$ cat run29.csv   # CSV, N, CA and C atoms
chain,number,residue,atom,x,y,z
A,13,MET,N,-12.8,3.7,24.5
A,13,MET,CA,-12.1,3.3,23.3
A,13,MET,C,-11.1,4.5,22.9
A,14,LYS,N,-10.0,4.1,22.4
A,14,LYS,CA,-9.0,5.1,22.0
A,14,LYS,C,-8.5,4.7,20.6
A,15,THR,N,-8.4,5.7,19.7
A,15,THR,CA,-7.9,5.4,18.4
A,15,THR,C,-6.4,5.1,18.5
A,16,TRP,N,-6.1,4.0,17.9
A,16,TRP,CA,-4.7,3.6,17.9
A,16,TRP,C,-3.9,4.1,16.7
A,17,GLY,N,-4.7,4.1,15.6
A,17,GLY,CA,-4.0,4.6,14.3
A,17,GLY,C,-5.1,4.7,13.2
A,18,THR,N,-4.6,4.9,12.0
A,18,THR,CA,-5.4,5.0,10.8
A,18,THR,C,-4.9,4.0,9.8
A,19,GLU,N,-5.9,3.5,9.1
A,19,GLU,CA,-5.6,2.6,8.0
A,19,GLU,C,-6.3,3.1,6.7
A,20,LEU,N,-5.5,3.3,5.7
A,20,LEU,CA,-6.1,3.6,4.4
A,20,LEU,C,-6.1,2.3,3.6
A,21,VAL,N,-7.3,2.0,3.1
A,21,VAL,CA,-7.5,0.9,2.2
A,21,VAL,C,-7.8,1.4,0.8
A,22,ALA,N,-7.0,1.1,-0.2
A,22,ALA,CA,-7.2,1.6,-1.5
A,22,ALA,C,-7.3,0.5,-2.5
A,23,ASP,N,-8.4,0.4,-3.2
A,23,ASP,CA,-8.6,-0.6,-4.3
A,23,ASP,C,-8.5,0.2,-5.6
A,24,LEU,N,-7.6,-0.3,-6.4
A,24,LEU,CA,-7.2,0.4,-7.6
A,24,LEU,C,-7.6,-0.5,-8.8
A,25,GLY,N,-8.3,0.1,-9.8
A,25,GLY,CA,-8.7,-0.6,-11.0
A,25,GLY,C,-8.0,0.0,-12.2
A,26,GLN,N,-7.9,-0.9,-13.2
A,26,GLN,CA,-7.4,-0.5,-14.5
A,26,GLN,C,-6.0,0.2,-14.4
A,27,CYS,N,-5.1,-0.4,-13.6
A,27,CYS,CA,-3.8,0.1,-13.5
A,27,CYS,C,-2.9,-0.2,-14.7
A,28,ASP,N,-1.9,0.6,-14.9
A,28,ASP,CA,-0.9,0.3,-15.9
A,28,ASP,C,-0.3,-1.0,-15.7
A,29,PHE,N,-0.5,-2.0,-16.6
A,29,PHE,CA,-0.1,-3.4,-16.5
A,29,PHE,C,1.4,-3.5,-16.3
A,30,LEU,N,2.2,-2.8,-17.1
A,30,LEU,CA,3.7,-2.9,-16.9
A,30,LEU,C,4.1,-2.4,-15.6
A,31,SER,N,3.5,-1.4,-15.0
A,31,SER,CA,3.9,-0.9,-13.7
A,31,SER,C,3.6,-1.8,-12.5
A,32,ILE,N,2.5,-2.6,-12.6
A,32,ILE,CA,2.1,-3.5,-11.5
A,32,ILE,C,2.8,-4.8,-11.7
A,33,THR,N,3.5,-5.1,-12.8
A,33,THR,CA,4.2,-6.3,-13.0
A,33,THR,C,5.7,-6.1,-13.0
A,34,ASN,N,6.1,-5.0,-12.5
A,34,ASN,CA,7.6,-4.7,-12.4
A,34,ASN,C,8.0,-4.6,-11.0
A,35,ALA,N,8.8,-5.5,-10.5
A,35,ALA,CA,9.2,-5.5,-9.1
A,35,ALA,C,10.0,-4.3,-8.7
A,36,ASN,N,10.8,-3.8,-9.6
A,36,ASN,CA,11.6,-2.6,-9.3
A,36,ASN,C,10.7,-1.4,-9.2
A,37,ASN,N,9.6,-1.3,-10.0
A,37,ASN,CA,8.7,-0.2,-9.8
A,37,ASN,C,8.0,-0.3,-8.5
A,38,ILE,N,7.6,-1.5,-8.1
A,38,ILE,CA,6.9,-1.7,-6.8
A,38,ILE,C,7.8,-1.3,-5.7
A,39,ARG,N,9.0,-1.7,-5.7
A,39,ARG,CA,10.0,-1.3,-4.7
A,39,ARG,C,10.2,0.2,-4.6
A,40,ALA,N,10.3,0.8,-5.8
A,40,ALA,CA,10.4,2.3,-5.8
A,40,ALA,C,9.2,3.0,-5.2
A,41,PHE,N,8.0,2.4,-5.5
A,41,PHE,CA,6.8,3.0,-4.9
A,41,PHE,C,6.9,2.9,-3.4
A,42,ALA,N,7.3,1.8,-2.8
A,42,ALA,CA,7.3,1.7,-1.4
A,42,ALA,C,8.3,2.7,-0.8
A,43,THR,N,9.5,2.8,-1.4
A,43,THR,CA,10.5,3.7,-0.9
A,43,THR,C,10.0,5.2,-1.0
A,44,THR,N,9.4,5.5,-2.1
A,44,THR,CA,8.9,6.9,-2.3
A,44,THR,C,7.8,7.2,-1.3
A,45,LEU,N,6.8,6.2,-1.1
A,45,LEU,CA,5.7,6.4,-0.2
A,45,LEU,C,6.2,6.6,1.2
A,46,VAL,N,7.1,5.8,1.7
A,46,VAL,CA,7.6,5.9,3.0
A,46,VAL,C,8.1,7.4,3.3
A,47,LYS,N,8.9,7.9,2.3
A,47,LYS,CA,9.4,9.2,2.5
A,47,LYS,C,8.3,10.3,2.4
A,48,ALA,N,7.4,10.1,1.4
A,48,ALA,CA,6.3,11.1,1.2
A,48,ALA,C,5.4,11.3,2.4
A,49,ILE,N,5.2,10.2,3.1
A,49,ILE,CA,4.3,10.3,4.3
A,49,ILE,C,5.1,10.4,5.6
A,50,ASP,N,6.4,10.7,5.5
A,50,ASP,CA,7.2,11.0,6.6
A,50,ASP,C,7.3,9.8,7.6
A,51,MET,N,7.5,8.6,7.1
A,51,MET,CA,7.6,7.5,8.0
A,51,MET,C,9.1,7.0,8.0
A,52,LYS,N,9.4,6.0,8.8
A,52,LYS,CA,10.7,5.4,8.9
A,52,LYS,C,10.6,3.9,8.5
A,53,ALA,N,11.3,3.5,7.4
A,53,ALA,CA,11.2,2.1,7.0
A,53,ALA,C,12.1,1.3,7.9
A,54,TRP,N,11.6,0.1,8.1
A,54,TRP,CA,12.3,-1.0,8.9
A,54,TRP,C,12.7,-2.0,7.9
A,55,GLY,N,13.9,-1.9,7.4
A,55,GLY,CA,14.4,-2.9,6.3
A,55,GLY,C,13.9,-2.5,5.0
A,56,GLU,N,14.3,-3.3,4.0
A,56,GLU,CA,13.9,-3.1,2.6
A,56,GLU,C,12.5,-3.6,2.3
A,57,PRO,N,11.9,-3.0,1.3
A,57,PRO,CA,10.6,-3.6,0.9
A,57,PRO,C,10.7,-5.0,0.4
A,58,GLN,N,9.8,-5.9,0.9
A,58,GLN,CA,9.8,-7.2,0.4
A,58,GLN,C,8.8,-7.3,-0.8
A,59,VAL,N,9.2,-7.7,-1.9
A,59,VAL,CA,8.4,-7.8,-3.1
A,59,VAL,C,8.5,-9.2,-3.7
A,60,VAL,N,7.4,-10.0,-3.6
A,60,VAL,CA,7.5,-11.4,-4.0
A,60,VAL,C,6.4,-11.6,-5.1
A,61,HIS,N,6.7,-12.3,-6.1
A,61,HIS,CA,5.8,-12.7,-7.1
A,61,HIS,C,5.4,-14.2,-6.9
A,62,PHE,N,4.1,-14.4,-6.8
A,62,PHE,CA,3.6,-15.8,-6.6
A,62,PHE,C,2.1,-15.9,-7.1
A,63,GLY,N,1.6,-17.1,-6.9
A,63,GLY,CA,0.2,-17.3,-7.3
A,63,GLY,C,0.2,-17.9,-8.7
A,64,SER,N,-1.0,-18.3,-9.1
A,64,SER,CA,-1.2,-18.9,-10.4
A,64,SER,C,-2.6,-18.4,-10.9
A,65,GLU,N,-2.7,-18.5,-12.2
A,65,GLU,CA,-3.9,-18.2,-12.9
A,65,GLU,C,-4.4,-16.8,-12.5
A,66,ASP,N,-5.7,-16.7,-12.1
A,66,ASP,CA,-6.2,-15.4,-11.8
A,66,ASP,C,-5.7,-14.8,-10.4
A,67,LYS,N,-4.9,-15.5,-9.7
A,67,LYS,CA,-4.4,-15.1,-8.4
A,67,LYS,C,-2.9,-14.7,-8.5
A,68,GLU,N,-2.3,-14.7,-9.7
A,68,GLU,CA,-0.9,-14.4,-9.9
A,68,GLU,C,-0.6,-12.9,-9.8
A,69,GLY,N,0.5,-12.6,-9.1
A,69,GLY,CA,0.9,-11.2,-9.0
A,69,GLY,C,1.9,-11.0,-8.0
A,70,TYR,N,2.4,-9.7,-7.8
A,70,TYR,CA,3.3,-9.4,-6.8
A,70,TYR,C,2.6,-9.0,-5.5
A,71,THR,N,3.3,-9.2,-4.4
A,71,THR,CA,2.8,-8.8,-3.1
A,71,THR,C,4.0,-8.0,-2.5
A,72,LEU,N,3.6,-6.8,-1.9
A,72,LEU,CA,4.6,-5.9,-1.3
A,72,LEU,C,4.3,-5.9,0.2
A,73,VAL,N,5.4,-6.0,1.0
A,73,VAL,CA,5.3,-5.7,2.4
A,73,VAL,C,6.4,-4.8,2.8
A,74,GLN,N,6.1,-3.7,3.4
A,74,GLN,CA,7.1,-2.7,3.8
A,74,GLN,C,6.8,-2.4,5.3
A,75,LEU,N,7.6,-2.9,6.2
A,75,LEU,CA,7.5,-2.5,7.6
A,75,LEU,C,7.9,-1.1,7.8
A,76,ILE,N,7.1,-0.4,8.6
A,76,ILE,CA,7.5,1.0,9.0
A,76,ILE,C,7.5,1.1,10.5
A,77,GLU,N,8.2,2.0,11.1
A,77,GLU,CA,8.3,2.1,12.5
A,77,GLU,C,7.0,2.1,13.2
A,78,THR,N,6.0,2.7,12.5
A,78,THR,CA,4.6,2.8,13.2
A,78,THR,C,3.6,1.8,12.7
A,79,SER,N,4.0,0.8,11.9
A,79,SER,CA,3.2,-0.3,11.4
A,79,SER,C,3.6,-0.9,10.1
A,80,ASN,N,2.8,-0.7,9.0
A,80,ASN,CA,3.2,-1.3,7.8
A,80,ASN,C,2.4,-0.7,6.6
A,81,ILE,N,3.0,-1.0,5.4
A,81,ILE,CA,2.4,-0.8,4.1
A,81,ILE,C,2.4,-2.1,3.4
A,82,THR,N,1.2,-2.5,2.9
A,82,THR,CA,1.1,-3.7,2.1
A,82,THR,C,0.4,-3.5,0.8
A,83,ALA,N,0.6,-4.4,-0.1
A,83,ALA,CA,-0.1,-4.3,-1.4
A,83,ALA,C,-0.1,-5.6,-2.1
A,84,HIS,N,-1.1,-5.9,-2.8
A,84,HIS,CA,-1.1,-7.0,-3.7
A,84,HIS,C,-1.6,-6.5,-5.1
A,85,PHE,N,-0.9,-7.0,-6.1
A,85,PHE,CA,-1.1,-6.6,-7.5
A,85,PHE,C,-1.6,-7.8,-8.3
A,86,SER,N,-2.8,-7.7,-9.0
A,86,SER,CA,-3.4,-8.8,-9.8
A,86,SER,C,-3.0,-8.6,-11.2
A,87,ASN,N,-2.2,-9.5,-11.8
A,87,ASN,CA,-1.9,-9.6,-13.2
A,87,ASN,C,-3.2,-9.7,-14.0
A,88,ASP,N,-4.1,-10.6,-13.6
A,88,ASP,CA,-5.3,-11.0,-14.3
A,88,ASP,C,-6.2,-9.8,-14.5
A,89,THR,N,-6.4,-8.9,-13.5
A,89,THR,CA,-7.3,-7.8,-13.6
A,89,THR,C,-6.7,-6.5,-13.7
A,90,SER,N,-5.4,-6.4,-13.7
A,90,SER,CA,-4.7,-5.1,-13.7
A,90,SER,C,-5.2,-4.2,-12.5
A,91,SER,N,-5.5,-4.9,-11.4
A,91,SER,CA,-5.9,-4.2,-10.2
A,91,SER,C,-4.8,-4.3,-9.1
A,92,ALA,N,-5.0,-3.4,-8.1
A,92,ALA,CA,-4.1,-3.4,-7.0
A,92,ALA,C,-4.8,-3.1,-5.7
A,93,PHE,N,-4.3,-3.6,-4.6
A,93,PHE,CA,-5.0,-3.5,-3.3
A,93,PHE,C,-3.9,-3.0,-2.3
A,94,VAL,N,-4.0,-1.7,-2.0
A,94,VAL,CA,-2.9,-1.1,-1.1
A,94,VAL,C,-3.5,-0.8,0.2
A,95,ASN,N,-2.7,-1.1,1.3
A,95,ASN,CA,-3.1,-0.7,2.7
A,95,ASN,C,-1.9,0.0,3.3
A,96,VAL,N,-2.2,1.1,4.0
A,96,VAL,CA,-1.3,1.8,4.7
A,96,VAL,C,-1.9,2.0,6.1
A,97,PHE,N,-1.2,1.4,7.1
A,97,PHE,CA,-1.6,1.4,8.5
A,97,PHE,C,-0.5,2.0,9.4
A,98,SER,N,-0.9,3.0,10.2
A,98,SER,CA,0.1,3.7,11.0
A,98,SER,C,-0.6,4.3,12.2
A,99,CYS,N,0.1,4.3,13.3
A,99,CYS,CA,-0.3,5.0,14.5
A,99,CYS,C,0.2,6.4,14.5
A,100,LYS,N,1.1,6.8,13.5
A,100,LYS,CA,1.5,8.1,13.3
A,100,LYS,C,0.6,8.7,12.1
A,101,PRO,N,0.0,9.9,12.3
A,101,PRO,CA,-0.9,10.4,11.2
A,101,PRO,C,-0.1,10.6,9.9
A,102,PHE,N,-0.9,10.4,8.8
A,102,PHE,CA,-0.4,10.6,7.5
A,102,PHE,C,-1.5,11.2,6.6
A,103,GLU,N,-1.2,11.8,5.5
A,103,GLU,CA,-2.1,12.5,4.7
A,103,GLU,C,-2.6,11.5,3.6
A,104,LYS,N,-3.9,11.2,3.6
A,104,LYS,CA,-4.5,10.3,2.6
A,104,LYS,C,-4.2,10.8,1.2
A,105,GLN,N,-4.3,12.1,0.9
A,105,GLN,CA,-4.1,12.5,-0.5
A,105,GLN,C,-2.6,12.3,-1.0
A,106,VAL,N,-1.7,12.4,0.0
A,106,VAL,CA,-0.3,12.1,-0.4
A,106,VAL,C,-0.1,10.7,-0.9
A,107,VAL,N,-0.8,9.7,-0.2
A,107,VAL,CA,-0.7,8.3,-0.5
A,107,VAL,C,-1.3,8.2,-1.9
A,108,ILE,N,-2.5,8.8,-2.2
A,108,ILE,CA,-3.2,8.7,-3.5
A,108,ILE,C,-2.3,9.2,-4.6
A,109,ASP,N,-1.6,10.4,-4.3
A,109,ASP,CA,-0.8,11.0,-5.3
A,109,ASP,C,0.4,10.0,-5.7
A,110,VAL,N,1.0,9.4,-4.7
A,110,VAL,CA,2.1,8.5,-5.0
A,110,VAL,C,1.6,7.2,-5.8
A,111,ILE,N,0.4,6.7,-5.4
A,111,ILE,CA,-0.2,5.6,-6.1
A,111,ILE,C,-0.4,6.0,-7.6
A,112,LYS,N,-0.9,7.2,-7.8
A,112,LYS,CA,-1.2,7.6,-9.2
A,112,LYS,C,0.2,7.7,-10.0
A,113,GLN,N,1.2,8.2,-9.3
A,113,GLN,CA,2.5,8.4,-10.0
A,113,GLN,C,3.1,7.0,-10.4
A,114,TYR,N,2.9,6.0,-9.6
A,114,TYR,CA,3.6,4.7,-9.9
A,114,TYR,C,2.7,3.7,-10.6
A,115,PHE,N,1.4,3.8,-10.5
A,115,PHE,CA,0.5,2.7,-11.1
A,115,PHE,C,-0.5,3.2,-12.0
A,116,ASN,N,-0.7,4.5,-12.1
A,116,ASN,CA,-1.7,5.2,-13.0
A,116,ASN,C,-3.0,4.4,-13.1
A,117,PRO,N,-3.7,4.2,-12.0
A,117,PRO,CA,-5.0,3.6,-12.0
A,117,PRO,C,-6.1,4.5,-12.6
A,118,ARG,N,-7.0,4.0,-13.3
A,118,ARG,CA,-8.1,4.8,-13.8
A,118,ARG,C,-9.2,4.8,-12.7
A,119,ILE,N,-9.2,3.8,-11.8
A,119,ILE,CA,-10.2,3.8,-10.8
A,119,ILE,C,-9.5,3.7,-9.4
A,120,ILE,N,-9.9,4.6,-8.5
A,120,ILE,CA,-9.4,4.5,-7.1
A,120,ILE,C,-10.6,4.6,-6.2
A,121,ASN,N,-10.7,3.6,-5.3
A,121,ASN,CA,-11.7,3.6,-4.3
A,121,ASN,C,-11.1,3.4,-3.0
A,122,THR,N,-11.3,4.4,-2.1
A,122,THR,CA,-10.6,4.3,-0.8
A,122,THR,C,-11.5,4.3,0.4
A,123,THR,N,-11.0,3.7,1.5
A,123,THR,CA,-11.7,3.7,2.7
A,123,THR,C,-10.7,4.1,3.8
A,124,LEU,N,-11.0,5.0,4.7
A,124,LEU,CA,-10.2,5.4,5.8
A,124,LEU,C,-10.8,4.9,7.1
A,125,LEU,N,-10.0,4.1,7.8
A,125,LEU,CA,-10.5,3.5,9.0
A,125,LEU,C,-9.7,4.0,10.2
A,126,ASP,N,-10.4,4.3,11.3
A,126,ASP,CA,-9.8,4.5,12.6
A,126,ASP,C,-9.7,3.1,13.2
A,127,ARG,N,-8.5,2.7,13.6
A,127,ARG,CA,-8.2,1.5,14.3
A,127,ARG,C,-8.3,1.8,15.8
A,128,ILE,N,-9.0,0.9,16.5
A,128,ILE,CA,-9.3,1.2,17.9
A,128,ILE,C,-8.5,0.3,18.8
A,129,ALA,N,-7.9,0.9,19.9
A,129,ALA,CA,-7.2,0.1,20.9
A,129,ALA,C,-8.1,-0.1,22.1
A,130,TYR,N,-8.1,-1.3,22.5
A,130,TYR,CA,-9.0,-1.7,23.7
A,130,TYR,C,-8.0,-1.9,24.9
A,131,TYR,N,-8.2,-1.2,25.9
A,131,TYR,CA,-7.4,-1.2,27.1
A,131,TYR,C,-8.2,-1.9,28.2
A,132,ASN,N,-7.4,-2.6,29.1
A,132,ASN,CA,-8.1,-3.3,30.2
A,132,ASN,C,-8.6,-2.2,31.2
$ encode --input "run29.csv" --output "structure tokens"
Amino acid sequence: MKTWGTELVADLGQCDFLSITNANNIRAFATTLVKAIDMKAWGEPQVVHFGSEDKEGYTLVQLIETSNITAHFSNDTSSAFVNVFSCKPFEKQVVIDVIKQYFNPRIINTTLLDRIAYYN
């Protein structure tokens, strides 16, 4: 088994409601994060609002040369769910610092995963 890359999974609680319901803020987060972790963006961040009732919120997809950054924001709970996956190394703390800057969560729970490549 060989490690293909790393995925940071961040569950954010009690975020600033106005920041997670603002498409421009979410786009700015993606742009800043790509630069902060020294990645190369492929296209513009896609930020789409959809869902209903307790599932309503924005979703972010930012392709990067080495994989992707995704996030979903819950209006109902003021929570956010951020994933950064890359085969190029990045610093976990840098991601957390950018998250704090843009969404001001009171709770941050992270898991760092090694993604495994299986070769024939």
$ residues_around --input "run29.csv" --residues "Ala83 of chain A" --least-positions-apart "4" --cutoff "6 Å" --atoms "only C-alpha atoms" --output "tab-separated table (two decimals) with N, CA and C atoms, keeping the file's coordinate frame"
chain	number	residue	atom	x	y	z
A	71	THR	N	3.30	-9.20	-4.40
A	71	THR	CA	2.80	-8.80	-3.10
A	71	THR	C	4.00	-8.00	-2.50
A	72	LEU	N	3.60	-6.80	-1.90
A	72	LEU	CA	4.60	-5.90	-1.30
A	72	LEU	C	4.30	-5.90	0.20
A	93	PHE	N	-4.30	-3.60	-4.60
A	93	PHE	CA	-5.00	-3.50	-3.30
A	93	PHE	C	-3.90	-3.00	-2.30
A	94	VAL	N	-4.00	-1.70	-2.00
A	94	VAL	CA	-2.90	-1.10	-1.10
A	94	VAL	C	-3.50	-0.80	0.20
$ residues_near_point --input "run29.csv" --point "(-1.6, 3.3, -6.1)" --cutoff "8 Å" --atoms "all atoms listed in the file" --output "PDB file with N, CA and C atoms, in the frame of the given file"
ATOM      1  N   ALA A  22      -7.000   1.100  -0.200  1.00  0.00           N
ATOM      2  CA  ALA A  22      -7.200   1.600  -1.500  1.00  0.00           C
ATOM      3  C   ALA A  22      -7.300   0.500  -2.500  1.00  0.00           C
ATOM      4  N   ASP A  23      -8.400   0.400  -3.200  1.00  0.00           N
ATOM      5  CA  ASP A  23      -8.600  -0.600  -4.300  1.00  0.00           C
ATOM      6  C   ASP A  23      -8.500   0.200  -5.600  1.00  0.00           C
ATOM      7  N   LEU A  24      -7.600  -0.300  -6.400  1.00  0.00           N
ATOM      8  CA  LEU A  24      -7.200   0.400  -7.600  1.00  0.00           C
ATOM      9  C   LEU A  24      -7.600  -0.500  -8.800  1.00  0.00           C
ATOM     10  N   ALA A  92      -5.000  -3.400  -8.100  1.00  0.00           N
ATOM     11  CA  ALA A  92      -4.100  -3.400  -7.000  1.00  0.00           C
ATOM     12  C   ALA A  92      -4.800  -3.100  -5.700  1.00  0.00           C
ATOM     13  N   PHE A  93      -4.300  -3.600  -4.600  1.00  0.00           N
ATOM     14  CA  PHE A  93      -5.000  -3.500  -3.300  1.00  0.00           C
ATOM     15  C   PHE A  93      -3.900  -3.000  -2.300  1.00  0.00           C
ATOM     16  N   VAL A  94      -4.000  -1.700  -2.000  1.00  0.00           N
ATOM     17  CA  VAL A  94      -2.900  -1.100  -1.100  1.00  0.00           C
ATOM     18  C   VAL A  94      -3.500  -0.800   0.200  1.00  0.00           C
ATOM     19  N   VAL A 107      -0.800   9.700  -0.200  1.00  0.00           N
ATOM     20  CA  VAL A 107      -0.700   8.300  -0.500  1.00  0.00           C
ATOM     21  C   VAL A 107      -1.300   8.200  -1.900  1.00  0.00           C
ATOM     22  N   ILE A 108      -2.500   8.800  -2.200  1.00  0.00           N
ATOM     23  CA  ILE A 108      -3.200   8.700  -3.500  1.00  0.00           C
ATOM     24  C   ILE A 108      -2.300   9.200  -4.600  1.00  0.00           C
ATOM     25  N   ASP A 109      -1.600  10.400  -4.300  1.00  0.00           N
ATOM     26  CA  ASP A 109      -0.800  11.000  -5.300  1.00  0.00           C
ATOM     27  C   ASP A 109       0.400  10.000  -5.700  1.00  0.00           C
ATOM     28  N   VAL A 110       1.000   9.400  -4.700  1.00  0.00           N
ATOM     29  CA  VAL A 110       2.100   8.500  -5.000  1.00  0.00           C
ATOM     30  C   VAL A 110       1.600   7.200  -5.800  1.00  0.00           C
ATOM     31  N   ILE A 111       0.400   6.700  -5.400  1.00  0.00           N
ATOM     32  CA  ILE A 111      -0.200   5.600  -6.100  1.00  0.00           C
ATOM     33  C   ILE A 111      -0.400   6.000  -7.600  1.00  0.00           C
ATOM     34  N   LYS A 112      -0.900   7.200  -7.800  1.00  0.00           N
ATOM     35  CA  LYS A 112      -1.200   7.600  -9.200  1.00  0.00           C
ATOM     36  C   LYS A 112       0.200   7.700 -10.000  1.00  0.00           C
ATOM     37  N   GLN A 113       1.200   8.200  -9.300  1.00  0.00           N
ATOM     38  CA  GLN A 113       2.500   8.400 -10.000  1.00  0.00           C
ATOM     39  C   GLN A 113       3.100   7.000 -10.400  1.00  0.00           C
ATOM     40  N   TYR A 114       2.900   6.000  -9.600  1.00  0.00           N
ATOM     41  CA  TYR A 114       3.600   4.700  -9.900  1.00  0.00           C
ATOM     42  C   TYR A 114       2.700   3.700 -10.600  1.00  0.00           C
ATOM     43  N   PHE A 115       1.400   3.800 -10.500  1.00  0.00           N
ATOM     44  CA  PHE A 115       0.500   2.700 -11.100  1.00  0.00           C
ATOM     45  C   PHE A 115      -0.500   3.200 -12.000  1.00  0.00           C
ATOM     46  N   ASN A 116      -0.700   4.500 -12.100  1.00  0.00           N
ATOM     47  CA  ASN A 116      -1.700   5.200 -13.000  1.00  0.00           C
ATOM     48  C   ASN A 116      -3.000   4.400 -13.100  1.00  0.00           C
ATOM     49  N   PRO A 117      -3.700   4.200 -12.000  1.00  0.00           N
ATOM     50  CA  PRO A 117      -5.000   3.600 -12.000  1.00  0.00           C
ATOM     51  C   PRO A 117      -6.100   4.500 -12.600  1.00  0.00           C
ATOM     52  N   ILE A 120      -9.900   4.600  -8.500  1.00  0.00           N
ATOM     53  CA  ILE A 120      -9.400   4.500  -7.100  1.00  0.00           C
ATOM     54  C   ILE A 120     -10.600   4.600  -6.200  1.00  0.00           C
TER      55      ILE A 120
END
$ atom_distance --input "run29.csv" --atom1 "atom CA of Asp66 of chain A" --atom2 "atom CA of Ile119 of chain A"
19.6 Å
$ residues_around --input "run29.csv" --residues "Asp50 of chain A" --least-positions-apart "6" --cutoff "8 Å" --atoms "all atoms listed in the file" --output "PDB file with N, CA and C atoms, in the frame of the given file"
ATOM      1  N   THR A  44       9.400   5.500  -2.100  1.00  0.00           N
ATOM      2  CA  THR A  44       8.900   6.900  -2.300  1.00  0.00           C
ATOM      3  C   THR A  44       7.800   7.200  -1.300  1.00  0.00           C
ATOM      4  N   PRO A 101       0.000   9.900  12.300  1.00  0.00           N
ATOM      5  CA  PRO A 101      -0.900  10.400  11.200  1.00  0.00           C
ATOM      6  C   PRO A 101      -0.100  10.600   9.900  1.00  0.00           C
ATOM      7  N   PHE A 102      -0.900  10.400   8.800  1.00  0.00           N
ATOM      8  CA  PHE A 102      -0.400  10.600   7.500  1.00  0.00           C
ATOM      9  C   PHE A 102      -1.500  11.200   6.600  1.00  0.00           C
ATOM     10  N   GLU A 103      -1.200  11.800   5.500  1.00  0.00           N
ATOM     11  CA  GLU A 103      -2.100  12.500   4.700  1.00  0.00           C
ATOM     12  C   GLU A 103      -2.600  11.500   3.600  1.00  0.00           C
TER      13      GLU A 103
END
$ closest_residue --input "run29.csv" --among "A:Gln58, A:Ser31, A:Asn121, A:Thr18" --to "Gln74 of chain A" --atoms "all atoms listed in the file"
A:Gln58
$ atom_distance --input "run29.csv" --atom1 "atom N of Lys67 of chain A" --atom2 "atom C of Ile32 of chain A"
13.3 Å
$ select_by_dssp --input "run29.csv" --residues "segment 15-132 of chain A" --states "helix (DSSP H, G or I)" --output "PyMOL selection string"
chain A and resi 29-32+35-48+65-67+104-115
$ select_by_dssp --input "run29.csv" --residues "chain A" --states "strand (DSSP E or B)" --output "ChimeraX atom specification"
/A:14-25,53,58-62,69-76,79-86,91-98,119-129
$ closest_residue --input "run29.csv" --among "A:Glu65, A:Glu19, A:Asp88, A:Glu56" --to "Arg127 of chain A" --atoms "only N, CA and C atoms"
A:Glu19
$ closest_residue --input "run29.csv" --among "A:Ile76, A:Ser64, A:Thr123, A:Lys14" --to "Val46 of chain A" --atoms "only C-alpha atoms"
A:Ile76
$ closest_residue --input "run29.csv" --among "A:Tyr131, A:Phe29, A:Phe97, A:Phe62" --to "Thr82 of chain A" --atoms "only N, CA and C atoms"
A:Phe97
$ closest_residue --input "run29.csv" --among "A:Val21, A:Thr15, A:Asn87, A:Glu77" --to "Thr122 of chain A" --atoms "only C-alpha atoms"
A:Val21
$ atom_distance --input "run29.csv" --atom1 "atom N of Ile49 of chain A" --atom2 "atom CA of Gly17 of chain A"
15.5 Å
$ closest_residue --input "run29.csv" --among "A:Ala35, A:Met13, A:Leu125, A:Val106" --to "His61 of chain A" --atoms "all atoms listed in the file"
A:Ala35
$ axis_aligned_box --input "run29.csv" --around "segment 46-64 of chain A" --padding-each-side "5 Å" --output "JSON"
{"center_x": 5.9, "center_y": -3.8, "center_z": -1.0, "size_x": 27.0, "size_y": 40.2, "size_z": 29.8}
